[in-house]
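Inspection log for the structure reproduced underneath, given as structure tokens.
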Amino acid sequence: MATTPVPRVDPLTIEVVELIGTVVARYHEEYERAAGAHSLTGAQARVLALLTLEPLPMRKIAVRLKCEPSNVTGIIDRLEARGLVERRPDPQDRRVKLAAVTDEGRRTARELRDGLAFAREPLAELSHEERVVLRDLLARMLG
């Protein structure tokens, strides 16, 4: 039986993967801290940020966050109790409820985003051209 050779990973690739992992981990740590400063969990903050883009049905929120719809329902319940989101009928299908951010939720999401120094500061060290190259490389990696 012939086996397919496993490609060798070079030291540069290992270093790049470790650096990407460190950046992601630091971003998540800061995101959790920023969410906590607003008495939100990271998941609640992500849903709130997502809803600032457009109102969405629970099922679409679950798909975008890659979680179970029942989890989203609980998150929306807690955000709604705090006045950060509201449920409203979908104008396209009155049987469907959309979760929509309130003015207070939009303000909270903006404050949370503005509090993410780590997400901004390292990028501020890069020129506009370097940020464009980084964006294009990341997009290419993601296909």
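Chain identifiers are assigned as A, B, and so on, following the order in which chains appear in the structure tokens; residues are numbered from 1 within each chain, and ligands are numbered from 1 in order of appearance.
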Do you have, as a Markdown table, the list of residues of segment 35-65 of chain A lying at most 12 Å from segment 113-129 of chain A, each with its nearest atom pair and that distance in Å to one decimal, counting only C-alpha atoms and ordered by chain then number?
```
| residue | atom | partner | partner_atom | distance |
| --- | --- | --- | --- | --- |
| A:Ala35 | CA | A:Gly115 | CA | 9.3 |
| A:Gly36 | CA | A:Gly115 | CA | 11.3 |
| A:Ala37 | CA | A:Gly115 | CA | 9.4 |
| A:His38 | CA | A:Gly115 | CA | 10.5 |
| A:Ala45 | CA | A:Arg113 | CA | 9.5 |
| A:Arg46 | CA | A:Arg113 | CA | 10.4 |
| A:Leu48 | CA | A:Arg113 | CA | 10.8 |
| A:Ala49 | CA | A:Arg113 | CA | 8.4 |
| A:Leu50 | CA | A:Arg113 | CA | 11.8 |
| A:Thr52 | CA | A:Arg113 | CA | 11.4 |
```
May I have the residues within 12 Å of Arg87 of chain A as a list in words, using only C-alpha atoms and disregarding those fewer than 2 positions away in the same chain?
Leu51, Pro55, Leu56, Pro57, Met58, Thr73, Ile76, Asp77, Leu79, Glu80, Ala81, Gly83, Leu84, Val85, Pro89, Asp90, Arg94, Val96, Lys97, Leu98, Ala99, Ala100, Val101 and Thr102 of chain A
So what do you get for atom CA of Thr41 of chain A versus atom CA of Ile75 of chain A, distance-wise?
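Atom CA of Ile75 of chain A lies 9.2 Å from atom CA of Thr41 of chain A.
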State, in Å with one decimal place, the distance from atom CA of Thr22 of chain A to atom CA of Ala43 of chain A.
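Separation of atom CA of Thr22 of chain A and atom CA of Ala43 of chain A: 20.4 Å.
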What separation in Å, quoted to one decimal, exists between atom CA of Leu65 of chain A and atom CA of Val47 of chain A?
8.1 Å
Among A:Glu15, A:Glu111, A:Gly42, A:Val132, His28 of chain A is approached most closely, using only C-alpha atoms, by A:Gly42
